[in-house]
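Asks: The structure follows.
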Amino acid sequence: MGNVCSSGQKKKKDKDSSSEKSDDSPPYQESSADKKDALLDNDANEANEKRAPLADVEALPETMHSNDTNGNSQQQQQQQQQQQTTQPKHNATEKDSNSTTPQGAPSDVGHASPGLGNLSMLQGKPPPGRKIERDKKIVIYILADNSTEYKKHKRVIYSLYKHFKSKCQSKGFDFIIADVHDSESLTKEGTATGTQTKQGQDGQGNGNPKKDFSRLQEVKRWTQTPLEAQGGHEEAANCLCEITRHATGAYIIPILFLGSTLGTPMLPLTIESQDFTSVLSAASDAEKLLLEKWYTIDNSYQPMCHRLFTQQIDPYANQVNGELNELLSVLLRLFSDDVKDSYLTTVVEQEINNTVLMSQELAKRCIWIQTGAQYSRAPDNASQLELEVLRRITRIYAELKNQLCEKNLIRLLPTMNILDDELSAVIESLLDKSLTGIFEEHHQKSIPYNTLGVDRVLLEELQLIGHYSKLLAQNSANFDIMNDVKRYIRDGTAHPLVISGARGSGKSVLVSKIMENVHRWKPEAQLVLRYANLSARSSDLSSLLGSIANQMSVLETGQQCQVPHTVEAYAGVIREILGRQQRFFVLIIDGLDELQRDDALDWLPMQLGSCGKLILTVSDNEEDDAGSNAGADGESFDMLAALAQLGIPQRCFLRLRQFTERQWHDILSSGGGDFYAANGALKLPDDWKSLHGKTPYHAKSLWWLAWLGHVAQPISEIGDISSKILQVLETKFTADQVELLLLIVRLSPWGIRESDCLGVFQKITQLEAQVAFKIWSKFCWLMGPMLLSLKNIRIADRSFGRAILARYAQKQWLVHEALRDYFDRQDSEFKGSAGAKTYNYQKYLKLPYHHFCAVIEDKPAPHKIDILFNCFYFTDLQWIANKVHATGPEHLMHDILHAEWLAGISKESSGYVHINFLKHFLIRYLHELSYDGQQFYTLVKYYLKTRFKESSVLKDDEKIRSWWEYTNELEFAFLEILNNDLDANDNDHDNANDKQSTEDAATPIVKGYDVLTNLPQPGCYVASMSTERAEICIWDVKNCCRIRELRGIQQPTAMCPVGNYEAAVLCRREIRVINLDEGKFKVTLKGVMNQKMPYFGLHDQNHLVCLSRNRMYVNLMNLESGDCVTTFKAGEDRFLNSLLVSGDGRILVCGDETQKPFPLLVWHLSQRKLLYDLRIPHHDFVTSLSAITHEGSYVCVVAKELNEPTTPNFIVVYDLQSGTLFKKWKPSCNTVSLAISQLNACVIAGLEDAKILIWDLVTGNCKCTLVGHNAPVTYLKLDPLGKVLLSYDKEGRDSAIRMWELSTAKSLAVFKPPAQISTCEILPNGVFVVLALKERNDLLTLALKNYGGSTADALEDDCGGTLYGNPDNQHKVFNLSN
């Protein structure tokens, strides 16, 4: 249905059919529901069931929508509906609104099993259901009629704009106020509107209450507009488009102004034939004539109807006015009440029906500002229209009271004299609540923190690809070759498949269809799909291949690949994974020619084996367009020819053809889909059907032109259709407005956020905010499917993008400069709540790009190139670090590549030392920086150090020298790498080992260490143990060197330092006391330990406690003589399974696994007695997760319920002075690691969802949540002073360590080492961290700089000043095997 107005009619009549209706409406509307989580749970089959009917219904509409290489008309579908009527939309969302209600419920589902949701995304399956993740965008949508009384109240809302914009920015959200209504006549382009008097009934009153249709209605406004906007429905159509546009991708907060008026009633555009017949039968002869004159039958429309005959406004301009008023009063008199509700609606009623009455989510957020008294009774002399308005307003009030939340109602009665400040305060507090709710909801629905170590960046990219494919798949192309593609995927061909086609022939659409079907053709397929230039990670070949290699690597090994960021390295990874033939991979690169302009194709895997398929799409090399296709050297490059020379057989080249005559005819007759076809009412002229050049892009453009109301345009040559469209748009606005808006969107790489686009447009045109928004809103409506809203607003088709640049070339630099100045004026950081800062992502992303373009303009002259490479964005290390932190290293790399491309410099070398340095730095550390940009200074300082060693001339470059100086003057905490070479292994040590093991040279030497232990004497020393190599080493941490080596100790597995230089070491099943300084055995303790649970701990300098061999008691052993002094017994047949000794050695806690419920036994070691036998009915203690304070006053342990094994475990804290249960906490998921700090009086829990919670021991509240890890945090360690927390994942899924300051919960530092960590140790105050990496014999030492003030300095001096033990034993190797 094309019109907006008749919409209501279905609402009343077909309430029952609403469920089936919503299935016919296109698939975008549902997305406003909060369905994603629900759908994620259903298995894929169910999702497919749901989509099945949709696919059939869409078969026709698809055909029309073509699109271009870049694929497109996504917006189309969003709009398809908006234009349709209110109706189907009403039901579609009604259906979804039911699922919206239990909003809190699904949140945990996403977190429950991070692996599952991510896995289907990683395997390239289309996103389930119709729901598409919403963007970070909040829209305040104002619903109102055009009464001037609302002007001052709207001003209050606009006055809050800055406050809320900064609040949203600090959370990374876009924020706009959408108000499509005028309260007075605006400029010529503002949609004219009507007041609430009946004369303006056709909606175009321009705020003027006179009954004058001819003056206020330009004739072409009634005819040369989209079908649903004719006859004065322009504002209504624009509003509904605006609602639909935001409903799919944004969070809407409706603000409703409703008093005693409803605004102008509009004449219905269509009246269903049966209703029209019943009206005629009741009408007098004169009325019949009037009705039949203005309503003519429309047979093409389904169902059949009578349509308002707008074309005759032209000849009858003078007498039209009276007739139209008469027509309205006839309809008012003859329609019954329920038919009136269907046909005679006003703009504000349609808005209410399409928002708050349709979606419970919007009703919950809606703020209703009720102005004016609502009369309960009509005055005696009321006209028919007044009676009707009263009846309708009473009904709407009743419906709203039923739906809306009483707390969100603001009553402003005429007698009340409310000040703006008071109203502003009330609205502000209501909006604050809504925003907080939205932030929370978005967080629950976005990718969870725990991705099992998969980079969020990769998952976000895959989400974007899935979303884009979904939008593309609603278009159509000539799919004749689909069977060939299916055959290729199923047969044994081992070569790549190349699909070529003209621009706009729908190659991207074909690819999106392959994504939909590939898992049906080949259920075990792992699809890896990339669209060229969809985002920064697919805008150059190395990034695109890196993204593919990472996805394949995660599927194959569960880990991302850690190779340098070069095409060769990634191509090697891809070849290697394909060569293993473990999984069936289908790789698709869409638009290869967009990325590569030369014939260096040696990265292409040519032999794919039986488990790999590679599909490439390439545009034909079109002669006339060679200029724009040319690389920097001005010559066009023929990708197809280059591919053919690689030896790909001819049968592996497929061509995507244009539409056949018959398809073209069908598409222009009935392919408009719901968006344009308006149930058959929109017809394309026959002479358009004979045009040549039948690509989907052209079909789409013709439908668009017809929808805009320009069917009379003669089109002789299909090639100039894009410029025809641009001319038509210019007539709808002023030419320079169209030019600016199109250029702002087109010149922004990967699109632009709506508020930024509005900001730049407003700045250039100097219009008021509201006027600028009205123009923008109308522009988005009339652009229809030519705009794509994919996180940002983009131009949908590349062909259309080219036409824009061609037509408006001379203004490009002006727009680049305006964009640059706009972002330049913004803050670089936003302050959030509690002083947290967030980077201004958009500024860091866009500013350098527009600056470069504005500098170079159209020709790269040498002085411009010099300015370009020496500009602030390439020389200021703080900007570079912030950019990497804010946007990720890929965008910095993109800046460098883009600048080189603009300057026409070859990729291999630019003459600028600092640019080459930056490039090599990024190639080397891209993966680490992509994980977390906080490591930037750690890595750049280390890289500068190593590069200076390689070539001292680097220091002569003033920029590099200034960077080095800057890293030495940093004032915030960061980690510095003390080792000379991160990647080296200690070869001397290996050689020494070789000599020692010549007799069994056949066995390879085991590398790495199993345990690291802090040593207590002054200075910074740690001991390392390697069980298999039978050795213990002492390390000087500050100097990164071994100072003692003790070999021949049989299977050392645990160690407890005693006194300054001795240690009790568990060797096989015995405990031996060893002097580490002299390298001697001192004594072996009597008795052997339990094999599986050899637990022991220090009581004092002369005694330790250990679990007996049978685990029924604990022995207290003398370290001088080796004798057992006494035993602590739990009771007959009670087996202990853990042993925990407090730091001061007084309190011993053991778990007992035999009794049910599982008890904790607490002994006082000095008094040698059992203090408590602690237990909780129906619970078990998980004693492997427990911790005790230094003085032994509190012990915390994880417990789980026996009756409900599936519920998450929880944490209990016992006060050991009284033996009572002190605190009990239940996080939302399992606790996997635990620590307790007496200094900060808190318990720290690492959770399965990758968060770390800090619980306050005093208040019992959760003090804060630490986020940053992307896998469960299975290891927590406090430094010996209890100030700094070290966390990581022992299983290596997230291979980084993170350091936190406990008192402030601040992240101090992050470091992702080059290999997996096997164990680590943190020194007092966190001043050093020592890591033992798998397969490395050198420890990696990191110093935490600029933290801890004087204590840290004292510790550092301490480290330097004292030698370990006897100076004569420095660097000695002792053999203890005899």
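Following the order of the structure tokens, chains are lettered A, B, ..., residues in each are numbered from 1, and ligands are numbered from 1.
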Can you pull out the residues contacting Trp964 (chain A)? Cut-off 12 Å, using only C-alpha atoms, and skip same-chain residues under 5 positions away; I want them as a list of chain:residue names.

Replies: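 My reading of the contact set: A:Asp876, A:Leu877, A:His914, A:Tyr937, A:Val940, A:Lys941, A:Tyr942, A:Tyr943, A:Leu944, A:Lys945, A:Thr946, A:Arg947, A:Phe948, A:Leu954, A:Lys955, A:Asp956, A:Asp957, A:Glu958, A:Lys959, A:Glu969, A:Leu970.
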
Asks: Go ahead and save the residues from that selection, with C-alpha atoms, as a PDB file, in the first residue's frame.

Replies:
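Contents of the output file part_3.pdb:
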```pdb
ATOM      1  CA  ASP A 876      53.252  13.514  17.545  1.00  0.00           C
ATOM      2  CA  LEU A 877      53.815  10.308  19.499  1.00  0.00           C
ATOM      3  CA  HIS A 914      59.804   8.092  10.650  1.00  0.00           C
ATOM      4  CA  TYR A 937      54.542   2.733  24.934  1.00  0.00           C
ATOM      5  CA  VAL A 940      57.468   1.345  21.010  1.00  0.00           C
ATOM      6  CA  LYS A 941      60.163   1.941  23.638  1.00  0.00           C
ATOM      7  CA  TYR A 942      61.425  -1.618  23.261  1.00  0.00           C
ATOM      8  CA  TYR A 943      61.338  -1.335  19.450  1.00  0.00           C
ATOM      9  CA  LEU A 944      63.250   1.959  19.509  1.00  0.00           C
ATOM     10  CA  LYS A 945      65.878   0.336  21.761  1.00  0.00           C
ATOM     11  CA  THR A 946      66.368  -2.670  19.461  1.00  0.00           C
ATOM     12  CA  ARG A 947      66.390  -0.577  16.282  1.00  0.00           C
ATOM     13  CA  PHE A 948      69.033   1.802  17.699  1.00  0.00           C
ATOM     14  CA  LEU A 954      68.283   6.216  13.304  1.00  0.00           C
ATOM     15  CA  LYS A 955      69.017   8.559  16.198  1.00  0.00           C
ATOM     16  CA  ASP A 956      70.008  11.236  13.707  1.00  0.00           C
ATOM     17  CA  ASP A 957      66.397  11.565  12.554  1.00  0.00           C
ATOM     18  CA  GLU A 958      64.980  14.363  14.675  1.00  0.00           C
ATOM     19  CA  LYS A 959      61.467  12.877  14.819  1.00  0.00           C
ATOM     20  CA  GLU A 969      59.781  11.387  30.050  1.00  0.00           C
ATOM     21  CA  LEU A 970      56.428   9.606  30.423  1.00  0.00           C
TER      22      LEU A 970
END
```

Asks: Could you please write out, as a ChimeraX atom specification, every residue of region 397-539 of chain A that DSSP assigns to helix (DSSP H, G or I)?

Replies: /A:397-403,406-408,420-445,456-472,479-490,507-521,536-538

Asks: Since we have the selection now, will you write its residues out, keeping C-alpha atoms, as a tab-separated table (two decimals), in the first residue's frame?

Replies:
```tsv
chain	number	residue	atom	x	y	z
A	397	TYR	CA	-5.99	9.36	25.66
A	398	ALA	CA	-7.57	6.10	26.79
A	399	GLU	CA	-5.13	4.01	24.72
A	400	LEU	CA	-2.12	6.01	25.88
A	401	LYS	CA	-3.10	5.84	29.56
A	402	ASN	CA	-3.33	2.12	29.09
A	403	GLN	CA	0.12	1.78	27.47
A	406	GLU	CA	2.43	7.04	34.70
A	407	LYS	CA	5.88	8.13	35.96
A	408	ASN	CA	6.71	9.46	32.49
A	420	ASP	CA	11.55	26.39	31.74
A	421	ASP	CA	14.10	25.37	34.36
A	422	GLU	CA	11.58	23.28	36.25
A	423	LEU	CA	10.36	21.51	33.12
A	424	SER	CA	13.96	21.04	32.03
A	425	ALA	CA	14.87	19.38	35.36
A	426	VAL	CA	11.93	16.95	35.15
A	427	ILE	CA	12.65	15.98	31.53
A	428	GLU	CA	16.35	15.66	32.27
A	429	SER	CA	15.83	13.20	35.11
A	430	LEU	CA	13.42	11.07	33.02
A	431	LEU	CA	15.79	11.01	30.04
A	432	ASP	CA	18.73	10.19	32.31
A	433	LYS	CA	16.93	7.07	33.49
A	434	SER	CA	16.11	6.05	29.92
A	435	LEU	CA	19.70	6.52	28.76
A	436	THR	CA	21.09	4.47	31.64
A	437	GLY	CA	18.66	1.68	30.75
A	438	ILE	CA	19.70	1.82	27.08
A	439	PHE	CA	23.42	1.71	27.89
A	440	GLU	CA	22.82	-1.33	30.07
A	441	GLU	CA	20.64	-3.06	27.48
A	442	HIS	CA	23.12	-2.45	24.66
A	443	HIS	CA	25.95	-3.78	26.78
A	444	GLN	CA	24.05	-7.00	27.50
A	445	LYS	CA	23.37	-7.55	23.83
A	456	ARG	CA	36.70	-8.68	19.54
A	457	VAL	CA	37.90	-6.84	16.46
A	458	LEU	CA	37.50	-10.04	14.42
A	459	LEU	CA	34.05	-10.76	15.82
A	460	GLU	CA	32.90	-7.19	15.15
A	461	GLU	CA	34.13	-7.48	11.58
A	462	LEU	CA	32.21	-10.76	11.12
A	463	GLN	CA	29.10	-9.19	12.63
A	464	LEU	CA	29.35	-6.33	10.14
A	465	ILE	CA	29.79	-8.76	7.24
A	466	GLY	CA	26.77	-10.78	8.38
A	467	HIS	CA	24.64	-7.65	8.71
A	468	TYR	CA	25.74	-6.36	5.29
A	469	SER	CA	25.13	-9.72	3.60
A	470	LYS	CA	21.66	-9.79	5.05
A	471	LEU	CA	20.86	-6.42	3.56
A	472	LEU	CA	22.36	-7.37	0.20
A	479	PHE	CA	21.30	-15.66	-10.75
A	480	ASP	CA	21.66	-18.03	-13.73
A	481	ILE	CA	25.20	-18.97	-12.67
A	482	MET	CA	24.18	-19.98	-9.14
A	483	ASN	CA	24.07	-23.67	-10.14
A	484	ASP	CA	27.63	-23.45	-11.48
A	485	VAL	CA	28.76	-22.03	-8.14
A	486	LYS	CA	26.93	-24.81	-6.30
A	487	ARG	CA	28.59	-27.42	-8.54
A	488	TYR	CA	32.01	-25.83	-7.92
A	489	ILE	CA	31.58	-25.99	-4.15
A	490	ARG	CA	30.48	-29.62	-4.27
A	507	LYS	CA	28.22	-9.52	-7.77
A	508	SER	CA	28.03	-8.64	-4.08
A	509	VAL	CA	24.38	-9.72	-4.04
A	510	LEU	CA	25.39	-13.04	-5.58
A	511	VAL	CA	28.02	-13.45	-2.86
A	512	SER	CA	25.44	-12.73	-0.13
A	513	LYS	CA	23.19	-15.41	-1.67
A	514	ILE	CA	26.10	-17.86	-1.63
A	515	MET	CA	26.49	-17.09	2.10
A	516	GLU	CA	22.81	-17.93	2.63
A	517	ASN	CA	23.06	-21.24	0.79
A	518	VAL	CA	26.57	-22.58	1.21
A	519	HIS	CA	25.79	-24.43	4.45
A	520	ARG	CA	22.85	-26.13	2.75
A	521	TRP	CA	25.02	-27.26	-0.15
A	536	ALA	CA	39.31	-0.52	7.53
A	537	ARG	CA	40.11	-4.21	7.98
A	538	SER	CA	39.21	-4.92	4.39
```

Asks: Residues within 12 Å of Leu845 (chain A), please, as a short mmCIF file (atom, residue, chain, number, x, y, z; two decimals) with N, CA, C and O atoms, in the first residue's frame. Count only C-alpha atoms; anything in the same chain fewer than 6 positions from it doesn't count.

Replies:
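The new file selection-v3.cif reads:
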```cif
data_model
loop_
_atom_site.label_atom_id
_atom_site.label_comp_id
_atom_site.auth_asym_id
_atom_site.auth_seq_id
_atom_site.Cartn_x
_atom_site.Cartn_y
_atom_site.Cartn_z
N SER A 535 35.21 -2.13 5.56
CA SER A 535 35.70 -1.45 6.77
C SER A 535 37.21 -1.32 6.63
O SER A 535 37.78 -1.78 5.65
N ALA A 536 37.86 -0.72 7.63
CA ALA A 536 39.31 -0.52 7.53
C ALA A 536 40.03 -1.86 7.41
O ALA A 536 41.09 -1.96 6.83
N SER A 748 33.19 10.27 3.23
CA SER A 748 33.59 9.69 4.51
C SER A 748 33.86 8.21 4.30
O SER A 748 32.96 7.48 3.91
N PRO A 749 35.10 7.77 4.55
CA PRO A 749 35.36 6.34 4.34
C PRO A 749 34.51 5.54 5.34
O PRO A 749 34.40 5.92 6.50
N TRP A 750 33.91 4.47 4.89
CA TRP A 750 33.07 3.59 5.73
C TRP A 750 31.90 4.33 6.38
O TRP A 750 31.43 3.96 7.45
N GLY A 751 31.45 5.40 5.72
CA GLY A 751 30.24 6.06 6.21
C GLY A 751 30.50 7.08 7.31
O GLY A 751 31.62 7.25 7.78
N ILE A 752 29.43 7.78 7.69
CA ILE A 752 29.57 8.84 8.71
C ILE A 752 28.38 8.75 9.65
O ILE A 752 27.29 8.36 9.24
N ARG A 753 28.62 9.07 10.92
CA ARG A 753 27.50 9.03 11.87
C ARG A 753 26.55 10.18 11.58
O ARG A 753 26.96 11.25 11.15
N LEU A 819 34.94 18.90 6.98
CA LEU A 819 34.94 17.71 7.85
C LEU A 819 36.15 17.75 8.78
O LEU A 819 36.06 17.46 9.97
N ARG A 820 37.30 18.15 8.21
CA ARG A 820 38.51 18.22 9.05
C ARG A 820 38.31 19.21 10.18
O ARG A 820 38.58 18.92 11.34
N PHE A 823 35.89 17.95 12.96
CA PHE A 823 36.44 16.99 13.92
C PHE A 823 37.57 17.61 14.74
O PHE A 823 37.77 17.28 15.90
N ASP A 824 38.30 18.54 14.11
CA ASP A 824 39.42 19.16 14.80
C ASP A 824 38.95 19.94 16.02
O ASP A 824 39.62 19.99 17.04
N SER A 828 39.31 15.57 22.31
CA SER A 828 39.91 14.27 21.99
C SER A 828 39.45 13.20 22.97
O SER A 828 39.49 12.02 22.67
N TYR A 839 38.08 7.81 24.70
CA TYR A 839 38.59 8.55 23.55
C TYR A 839 37.46 8.90 22.60
O TYR A 839 36.47 8.17 22.49
N HIS A 851 42.21 15.46 6.72
CA HIS A 851 43.34 16.40 6.68
C HIS A 851 44.23 16.09 5.46
O HIS A 851 44.61 16.97 4.71
N TYR A 873 49.87 14.40 12.71
CA TYR A 873 49.31 13.05 12.89
C TYR A 873 50.32 11.94 12.64
O TYR A 873 50.07 10.79 12.95
N TRP A 879 49.63 11.61 20.01
CA TRP A 879 48.47 11.42 19.11
C TRP A 879 48.48 9.99 18.56
O TRP A 879 47.46 9.31 18.53
N ILE A 880 49.68 9.53 18.12
CA ILE A 880 49.78 8.19 17.52
C ILE A 880 49.36 7.13 18.54
O ILE A 880 48.57 6.22 18.24
N ASN A 882 47.45 7.53 21.21
CA ASN A 882 46.01 7.63 21.49
C ASN A 882 45.19 7.06 20.34
O ASN A 882 44.16 6.43 20.54
N LYS A 883 45.67 7.30 19.12
CA LYS A 883 44.92 6.78 17.96
C LYS A 883 44.91 5.25 18.00
O LYS A 883 43.89 4.62 17.75
N VAL A 884 46.06 4.66 18.30
CA VAL A 884 46.12 3.19 18.37
C VAL A 884 45.21 2.69 19.48
O VAL A 884 44.48 1.71 19.32
N HIS A 885 45.22 3.39 20.60
CA HIS A 885 44.39 2.97 21.73
C HIS A 885 42.91 3.13 21.40
O HIS A 885 42.08 2.29 21.74
N ALA A 886 42.57 4.23 20.72
CA ALA A 886 41.15 4.53 20.47
C ALA A 886 40.57 3.68 19.34
O ALA A 886 39.46 3.18 19.44
N THR A 887 41.34 3.52 18.25
CA THR A 887 40.72 2.91 17.06
C THR A 887 41.37 1.59 16.68
O THR A 887 40.85 0.88 15.82
N GLY A 888 42.52 1.29 17.27
CA GLY A 888 43.23 0.07 16.87
C GLY A 888 44.29 0.39 15.84
O GLY A 888 44.21 1.38 15.11
N PRO A 889 45.35 -0.45 15.77
CA PRO A 889 46.50 -0.15 14.90
C PRO A 889 46.16 -0.21 13.42
O PRO A 889 46.82 0.40 12.60
N GLU A 890 45.09 -0.95 13.05
CA GLU A 890 44.75 -1.07 11.61
C GLU A 890 44.46 0.32 11.04
O GLU A 890 44.78 0.60 9.89
N HIS A 891 43.82 1.18 11.84
CA HIS A 891 43.46 2.49 11.30
C HIS A 891 44.68 3.39 11.15
O HIS A 891 44.71 4.23 10.25
N LEU A 892 45.68 3.21 12.04
CA LEU A 892 46.90 3.98 11.88
C LEU A 892 47.61 3.52 10.60
O LEU A 892 48.10 4.32 9.80
N MET A 893 47.63 2.20 10.40
CA MET A 893 48.24 1.65 9.19
C MET A 893 47.49 2.18 7.96
O MET A 893 48.11 2.55 6.96
N HIS A 894 46.18 2.26 8.07
CA HIS A 894 45.39 2.77 6.94
C HIS A 894 45.75 4.22 6.65
O HIS A 894 45.85 4.62 5.48
N ASP A 895 45.96 5.03 7.71
CA ASP A 895 46.37 6.43 7.49
C ASP A 895 47.66 6.48 6.69
O ASP A 895 47.80 7.29 5.76
#
```

Asks: So, with only C-alpha atoms as the atoms that count, which of A:Cys1033, A:Ile157, A:Val1073, A:Val1213 lies closest to Leu1339 (chain A)?

Replies: A:Cys1033

Asks: Can you list, as an mmCIF file with all heavy atoms, in the first residue's frame, every protein, DNA or RNA residue that comes within 8 Å of Asn238 (chain A) when you count only C-alpha atoms, leaving out same-chain residues fewer than 3 positions away?

Replies:
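Writing the result to selection-v9.cif gives the following:
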```cif
data_model
loop_
_atom_site.group_PDB
_atom_site.id
_atom_site.type_symbol
_atom_site.label_atom_id
_atom_site.label_comp_id
_atom_site.auth_asym_id
_atom_site.auth_seq_id
_atom_site.Cartn_x
_atom_site.Cartn_y
_atom_site.Cartn_z
ATOM 1 N N VAL A 180 10.539 16.313 12.971
ATOM 2 C CA VAL A 180 10.236 16.568 11.559
ATOM 3 C C VAL A 180 9.108 17.583 11.432
ATOM 4 O O VAL A 180 8.642 17.884 10.351
ATOM 5 C CB VAL A 180 9.862 15.237 10.858
ATOM 6 C CG1 VAL A 180 9.831 15.394 9.366
ATOM 7 C CG2 VAL A 180 10.878 14.171 11.222
ATOM 8 N N ALA A 229 3.078 10.291 -0.543
ATOM 9 C CA ALA A 229 3.183 11.645 -0.017
ATOM 10 C C ALA A 229 2.306 12.609 -0.803
ATOM 11 O O ALA A 229 2.278 13.794 -0.529
ATOM 12 C CB ALA A 229 4.628 12.104 -0.090
ATOM 13 N N GLU A 234 2.724 14.691 2.591
ATOM 14 C CA GLU A 234 4.184 14.675 2.580
ATOM 15 C C GLU A 234 4.776 14.552 3.989
ATOM 16 O O GLU A 234 5.649 13.752 4.249
ATOM 17 C CB GLU A 234 4.702 15.944 1.914
ATOM 18 C CG GLU A 234 6.192 15.934 1.788
ATOM 19 C CD GLU A 234 6.689 16.947 0.771
ATOM 20 O OE1 GLU A 234 5.877 17.708 0.217
ATOM 21 O OE2 GLU A 234 7.891 16.970 0.541
ATOM 22 N N GLU A 235 4.242 15.371 4.898
ATOM 23 C CA GLU A 235 4.820 15.342 6.246
ATOM 24 C C GLU A 235 4.609 13.975 6.898
ATOM 25 O O GLU A 235 5.504 13.431 7.539
ATOM 26 C CB GLU A 235 4.174 16.421 7.117
ATOM 27 C CG GLU A 235 4.878 16.519 8.450
ATOM 28 C CD GLU A 235 4.148 17.409 9.439
ATOM 29 O OE1 GLU A 235 3.117 18.006 9.082
ATOM 30 O OE2 GLU A 235 4.619 17.479 10.574
ATOM 31 N N CYS A 241 8.737 7.546 7.589
ATOM 32 C CA CYS A 241 10.045 7.095 7.097
ATOM 33 C C CYS A 241 11.077 7.286 8.199
ATOM 34 O O CYS A 241 11.908 6.416 8.450
ATOM 35 C CB CYS A 241 10.446 7.909 5.886
ATOM 36 S SG CYS A 241 12.205 7.885 5.623
ATOM 37 N N GLU A 242 11.023 8.428 8.855
ATOM 38 C CA GLU A 242 11.994 8.738 9.910
ATOM 39 C C GLU A 242 11.912 7.701 11.033
ATOM 40 O O GLU A 242 12.922 7.198 11.515
ATOM 41 C CB GLU A 242 11.680 10.149 10.451
ATOM 42 C CG GLU A 242 12.737 10.750 11.322
ATOM 43 C CD GLU A 242 14.050 11.003 10.594
ATOM 44 O OE1 GLU A 242 14.096 11.030 9.351
ATOM 45 O OE2 GLU A 242 15.054 11.160 11.285
ATOM 46 N N SER A 777 16.320 15.003 7.182
ATOM 47 C CA SER A 777 15.330 13.938 7.321
ATOM 48 C C SER A 777 14.622 13.703 5.980
ATOM 49 O O SER A 777 14.425 12.564 5.546
ATOM 50 C CB SER A 777 14.322 14.349 8.397
ATOM 51 O OG SER A 777 13.186 13.556 8.318
ATOM 52 N N LYS A 778 14.295 14.804 5.313
ATOM 53 C CA LYS A 778 13.623 14.658 4.013
ATOM 54 C C LYS A 778 14.593 14.045 2.997
ATOM 55 O O LYS A 778 14.211 13.216 2.168
ATOM 56 C CB LYS A 778 13.160 16.037 3.535
ATOM 57 C CG LYS A 778 12.374 15.979 2.238
ATOM 58 C CD LYS A 778 11.863 17.347 1.821
ATOM 59 C CE LYS A 778 11.251 17.270 0.437
ATOM 60 N NZ LYS A 778 10.910 18.583 -0.099
ATOM 61 N N TRP A 781 14.742 10.386 3.491
ATOM 62 C CA TRP A 781 13.501 9.759 3.011
ATOM 63 C C TRP A 781 13.540 9.638 1.487
ATOM 64 O O TRP A 781 13.311 8.579 0.918
ATOM 65 C CB TRP A 781 12.319 10.600 3.500
ATOM 66 C CG TRP A 781 11.011 10.300 2.825
ATOM 67 C CD1 TRP A 781 10.485 9.060 2.576
ATOM 68 C CD2 TRP A 781 10.074 11.247 2.315
ATOM 69 N NE1 TRP A 781 9.273 9.185 1.945
ATOM 70 C CE2 TRP A 781 8.996 10.514 1.772
ATOM 71 C CE3 TRP A 781 10.025 12.638 2.265
ATOM 72 C CZ2 TRP A 781 7.883 11.133 1.183
ATOM 73 C CZ3 TRP A 781 8.924 13.249 1.700
ATOM 74 C CH2 TRP A 781 7.868 12.505 1.151
#
```

Asks: Here is a test: counting only C-alpha atoms, which residue of A:His1099, A:Lys831, A:Arg1042, A:Arg1298 is nearest to Leu1165 (chain A)?

Replies: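 Among the listed residues, A:His1099 lies closest to Leu1165 (chain A).
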
Asks: Kindly indicate which residue among A:Leu357, A:Val728, A:Ala699, A:Ala525 lies nearest to Trp664 (chain A), using only C-alpha atoms for the distances.

Replies: A:Ala699

Asks: Which neighbours of Val1058 (chain A) fall inside 9 Å, counting only C-alpha atoms, when residues of the same chain fewer than 3 positions from it are skipped, and could you give them as a PyMOL selection string?

Replies: chain A and resi 1016+1061-1064+1073+1098+1100-1102
